[in-house]
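Below is one structure, written out as structure tokens, with a few remarks after it.
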Amino acid sequence: SYLFFFSSGSGSLPDGVTRGGQSIASLETTNAADRPEKTFALTAEEKEWTIEEKESVEAWTYNGTVPGQELRVEQGDFVQVDLTNNLDVPVTIHWHGVNLANNMDGVPGLTQDAVQPGESFTYKFVAEDAGTYWYHSHQHSSKQVDKGLYGPLVIEDPEENGDYDVEETLMLDEWPVHQAKDGPASRQGMMESRRSGDGEADTKDLYDTFTVNGKAGEAIDPLEMEQGETARLRLVNAGFQQHQLAFPEGSAEVIAVDGEKTSSSGDSSANIVEIAPGERIDVAYTKQDQTPVFLGEPGDNEKARDMRIPVLPEGTSRSEAAMASPETETTARGADQSTDTILFDQVPEPDVSYTMDLSMGMDMGGGGMSFQINGRTFPDTPPIQVQDGDIVKVEIENNGSMNHPMHLHGHDFQIQSKDGTTLEQPGVKDLVHVKPGESYTIYFEANNQGEWLFHCHDNNHAELGMSTIVDYD
Ligand code: C2O
Ligand code: CU
């Protein structure tokens with residue numbers, strides 16, 4: 001059938017692992033099958049946004065908040081989102097992680113024209129796969145996502161209803177709050193001033209405040225949890241820096257990565273969870289006692305000092321809480337998790353092979369830094385040319401000195417090997433965090449016609465060249 005390429009009736013799949021793939025239904029843009037409809041309206045607008053007491057920023061928002069309204073739907077729903085643009089720049093919405101029809105993917109110049117000021121556009125798709133997703137503008141992302149044009153999308157699995165006592169979506173980000181006052185107010189502005197020659201400024205240092213759901217410090221909402229309760233925390237990294245969250249020893253388990261469940265990966269318990277830019281990681285966190293605690297970035301990270309999520313059992317207060325500091329640290333990384341659903345149960349024979357060499361360079365034309373795929377910058381990067389039904393192998397190698405979270409639109413891929421070693425239990429994702437010196441081999445099935453971006457989710461890297469497209473003949 002369409003779903004299964006090797007229908008070998010395999011007895012070789014590990015317990016709890018099933019074979020999955022894209023279904024045709026997810027590509028519908030009309031509600032032909034009479035599915036339950038969920039309709040939302042999102043307006044892109046400017047807003048002064050308070051990050052913490054006395055600190056606010058000029059944000060660009062969907063519906064006036066950072067993050068934008070959480071869109072919650074059920075698996076199988078037909079989702080319709082009316083976007084209205086009240087900003088004075090064009091915007092779009094990209095449905096990060098959702099495999100939908102190409103003309104709904106929200107990439108201006110590739111899948112649609114950007115939505116001009118005063119205009120609107122309606123996005124339509126079937127919420128086919130349950131999990132944690134997010135949405136963000138894909139027009140000039142390094143500026144627009146940076147200024148707040150993002151929000152969460154949760155596709156609920158009705159079978160999981162009531163599995164957790166508490167459920168919370170936590171979107172992580174960074175903001176230039178203090179320095180921005182006398183300097184460029186956005187990262188793009190900083191990159192521009194850096195490019196124009198004012199030297200060594202480290203962009204990352206200018207981002208002095210880490211936020212959870214658009215808030216820092218005292219402004220972060222506490223989790224109210226009692227001993228024995230378990231929370232499902234849906235972590236989404238909307239920023240451009242990797243983040244880590246430390247949990248008390250033995251209290252956390254990674255239950256999904258990029259919307260794919262990970263229960264079969266066995267010991268996925270870790271006390272530090274690392275999340276790459278663009279990535280989603282769901283954690284089941286159990287409150288083991290009645291003491292108040294902060295979940296936050298481990299170590300002595302000054303910028304992270306304000307990104308602390310208080311967990312407060314009844315009768316306790318924020319002032320009594322201390323950071324969770326695990327004695328032995330085990331780090332869970334999204335890219336290293338195996339998932340319950342896989343696409344291929346053995347290493348497939350590819351129809352198309354592509355080597356993706358990630359590097360950094362100087363643009364000799366005076367443009368400053370560039371980020372390259374195979375020595376080229378987008379749109380001159382070689383496309384991944386496929387035909388419908390092809391099995392595509394991509395070997396990604398990071399030969400530079402910075403992290404590159406590589407994200408593929410419109411498809412899931414299977415992470416088959418890391419640094420040349422075949423993984424015993426592969427995972428299925430739509431983003432793989434490739435750190436300096438690392439390499440990954442991924443496979444996907446070309447089952448969704450169109451032109452799809454494959455890019456670094458440090459949006460500045462993407463805009464400075466580190467993008468390519470998967471192009472169907
Ligand atoms: Cu969140 Cu092109 O991606
Ligand atoms: Cu990058």
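How things are named: the first chain in the structure tokens is A, the next is B, and so on; residues count from 1 in each chain; ligands count from 1 in the order shown.
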Spatial neighbours of A:Pro405, 7 Å, only C-alpha atoms, chain gap at least 2 places, as an mmCIF file with C-alpha atoms, in the first residue's frame:
data_model
loop_
_atom_site.group_PDB
_atom_site.id
_atom_site.type_symbol
_atom_site.label_atom_id
_atom_site.label_comp_id
_atom_site.auth_asym_id
_atom_site.auth_seq_id
_atom_site.Cartn_x
_atom_site.Cartn_y
_atom_site.Cartn_z
ATOM 1 C CA ALA A 276 17.307 22.266 20.030
ATOM 2 C CA PRO A 277 15.943 25.352 18.277
ATOM 3 C CA ASN A 403 25.133 23.936 16.055
ATOM 4 C CA HIS A 407 14.449 20.809 9.879
ATOM 5 C CA LEU A 431 14.453 18.013 13.011
ATOM 6 C CA VAL A 432 17.895 16.659 13.743
ATOM 7 C CA HIS A 433 20.312 18.657 15.842
ATOM 8 C CA VAL A 434 23.708 18.316 14.216
ATOM 9 C CA CYS A 456 18.786 25.112 9.688
ATOM 10 C CA HIS A 457 16.338 26.259 12.377
ATOM 11 C CA ASP A 458 18.724 28.843 13.623
#
For A:Asp306, find every residue with an atom within 12 Å (counting only C-alpha atoms), except residues of its own chain fewer than 3 positions away, and show them as a ChimeraX atom specification. /A:51-53,172-175,208-212,214-220,294-297,300-303,309-310,323
Polymer residues at most 10 Å from A:Gln387, only C-alpha atoms, same-chain spacing of 5 or more positions, as a VMD selection string: chain A and resid 351 to 352 392 445 to 449 470 to 473
Do you have the atom CA of A:Glu70-atom CA of A:Val126 distance handy?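 These atoms are spaced 17.1 Å apart.
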Name each residue within 12 Å of ligand 2, counting only C-alpha atoms and all ligand atoms, as a PyMOL selection string. chain A and resi 142+240-242+276-278+357-360+370-373+397-407+431-436+454-467
Got a sec: who's within 10 Å of A:Val166, counting only C-alpha atoms, leaving out chain neighbours fewer than 6 positions off, as a VMD selection string? chain A and resid 223 to 225 229 to 233 284 to 286
Please run DSSP on the backbone and report, as a ChimeraX atom specification, all residues within stretch 357-444 of chain A that come out as strand (DSSP E or B). /A:357-363,368-373,376,384-386,391-398,404-408,413-418,421-429,431-434,439-444
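Considering only C-alpha atoms and all ligand atoms, the residue among A:Tyr123, A:Trp452, A:Phe378, A:Trp49 positioned nearest to ligand 1 is A:Trp452.
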If we count only C-alpha atoms and set the cut-off at 10 Å, which residues sit around A:Gly106, ignoring sequence neighbours fewer than 6 positions away in its own chain? Please answer as a PyMOL selection string. chain A and resi 91-96+112-115+123+135-139
Could you write out the selected residues, including N, CA and C atoms, as a PDB file, in the first residue's frame?
ATOM      1  N   VAL A  91       3.484  38.757   6.221  1.00  0.00           N
ATOM      2  CA  VAL A  91       3.710  37.621   7.124  1.00  0.00           C
ATOM      3  C   VAL A  91       3.118  36.347   6.511  1.00  0.00           C
ATOM      4  N   THR A  92       3.416  35.209   7.140  1.00  0.00           N
ATOM      5  CA  THR A  92       2.742  33.938   6.813  1.00  0.00           C
ATOM      6  C   THR A  92       2.613  33.134   8.101  1.00  0.00           C
ATOM      7  N   ILE A  93       2.020  31.952   7.977  1.00  0.00           N
ATOM      8  CA  ILE A  93       2.101  30.974   9.069  1.00  0.00           C
ATOM      9  C   ILE A  93       2.583  29.650   8.493  1.00  0.00           C
ATOM     10  N   HIS A  94       3.642  29.150   9.109  1.00  0.00           N
ATOM     11  CA  HIS A  94       4.127  27.798   8.790  1.00  0.00           C
ATOM     12  C   HIS A  94       3.727  26.875   9.944  1.00  0.00           C
ATOM     13  N   TRP A  95       3.237  25.688   9.618  1.00  0.00           N
ATOM     14  CA  TRP A  95       2.750  24.725  10.616  1.00  0.00           C
ATOM     15  C   TRP A  95       3.862  23.732  10.880  1.00  0.00           C
ATOM     16  N   HIS A  96       4.738  24.087  11.787  1.00  0.00           N
ATOM     17  CA  HIS A  96       5.993  23.365  11.977  1.00  0.00           C
ATOM     18  C   HIS A  96       5.738  21.927  12.469  1.00  0.00           C
ATOM     19  N   GLN A 112       3.491  29.873  -1.247  1.00  0.00           N
ATOM     20  CA  GLN A 112       2.424  30.875  -1.356  1.00  0.00           C
ATOM     21  C   GLN A 112       3.067  32.256  -1.449  1.00  0.00           C
ATOM     22  N   ASP A 113       2.270  33.257  -1.802  1.00  0.00           N
ATOM     23  CA  ASP A 113       2.725  34.633  -1.683  1.00  0.00           C
ATOM     24  C   ASP A 113       2.523  35.054  -0.238  1.00  0.00           C
ATOM     25  N   ALA A 114       3.452  35.833   0.288  1.00  0.00           N
ATOM     26  CA  ALA A 114       3.288  36.315   1.659  1.00  0.00           C
ATOM     27  C   ALA A 114       1.996  37.128   1.758  1.00  0.00           C
ATOM     28  N   VAL A 115       1.408  37.118   2.956  1.00  0.00           N
ATOM     29  CA  VAL A 115       0.151  37.831   3.188  1.00  0.00           C
ATOM     30  C   VAL A 115       0.487  39.297   3.476  1.00  0.00           C
ATOM     31  N   TYR A 123      -5.658  29.047   6.146  1.00  0.00           N
ATOM     32  CA  TYR A 123      -4.918  27.779   6.116  1.00  0.00           C
ATOM     33  C   TYR A 123      -5.873  26.648   6.464  1.00  0.00           C
ATOM     34  N   TYR A 135       3.435  26.817  15.474  1.00  0.00           N
ATOM     35  CA  TYR A 135       3.274  27.594  14.245  1.00  0.00           C
ATOM     36  C   TYR A 135       4.093  28.870  14.367  1.00  0.00           C
ATOM     37  N   HIS A 136       4.581  29.335  13.229  1.00  0.00           N
ATOM     38  CA  HIS A 136       5.338  30.582  13.245  1.00  0.00           C
ATOM     39  C   HIS A 136       5.357  31.182  11.854  1.00  0.00           C
ATOM     40  N   SER A 137       5.637  32.477  11.783  1.00  0.00           N
ATOM     41  CA  SER A 137       5.759  33.104  10.477  1.00  0.00           C
ATOM     42  C   SER A 137       6.994  32.540   9.790  1.00  0.00           C
ATOM     43  N   HIS A 138       6.933  32.415   8.473  1.00  0.00           N
ATOM     44  CA  HIS A 138       8.108  31.959   7.739  1.00  0.00           C
ATOM     45  C   HIS A 138       8.595  33.045   6.794  1.00  0.00           C
ATOM     46  N   GLN A 139       8.066  34.258   6.994  1.00  0.00           N
ATOM     47  CA  GLN A 139       8.535  35.401   6.222  1.00  0.00           C
ATOM     48  C   GLN A 139       9.622  36.050   7.065  1.00  0.00           C
TER      49      GLN A 139
END
Excluding A:Thr65 and residues on its chain fewer than 3 positions from it, collect all residues at most 12 Å away from it, counting only C-alpha atoms, and give them as a list in words. Leu42, Thr43, Ala44, Glu45, Glu46, Lys47, Glu48, Trp49, Thr50, Ile51, Val57, Glu58, Ala59, Trp60, Thr61, Tyr62, Gly68, Gln69, Glu70, Lys147, Gly148, Leu149, Tyr150, Gly151, Pro152, Asn213, Gly214 and Lys215 of chain A
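For the choices A:Leu13, A:Val98, A:Leu206, A:Val257, the atom-to-atom distance to ligand 1 is smallest for A:Val98 when using only C-alpha atoms and all ligand atoms.
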Excluding A:Phe121 and any residue of its chain fewer than 3 positions from it, enumerate the residues within 9 Å of it, using only C-alpha atoms, and give them as a PyMOL selection string. chain A and resi 81-85+92+115
Nearest to A:Thr291, chosen from A:Gly315, A:Gly16, A:Gly420, A:Gly450, with only C-alpha atoms counted in the distances: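 Answer, going by the shortest atom-to-atom distance: A:Gly315.
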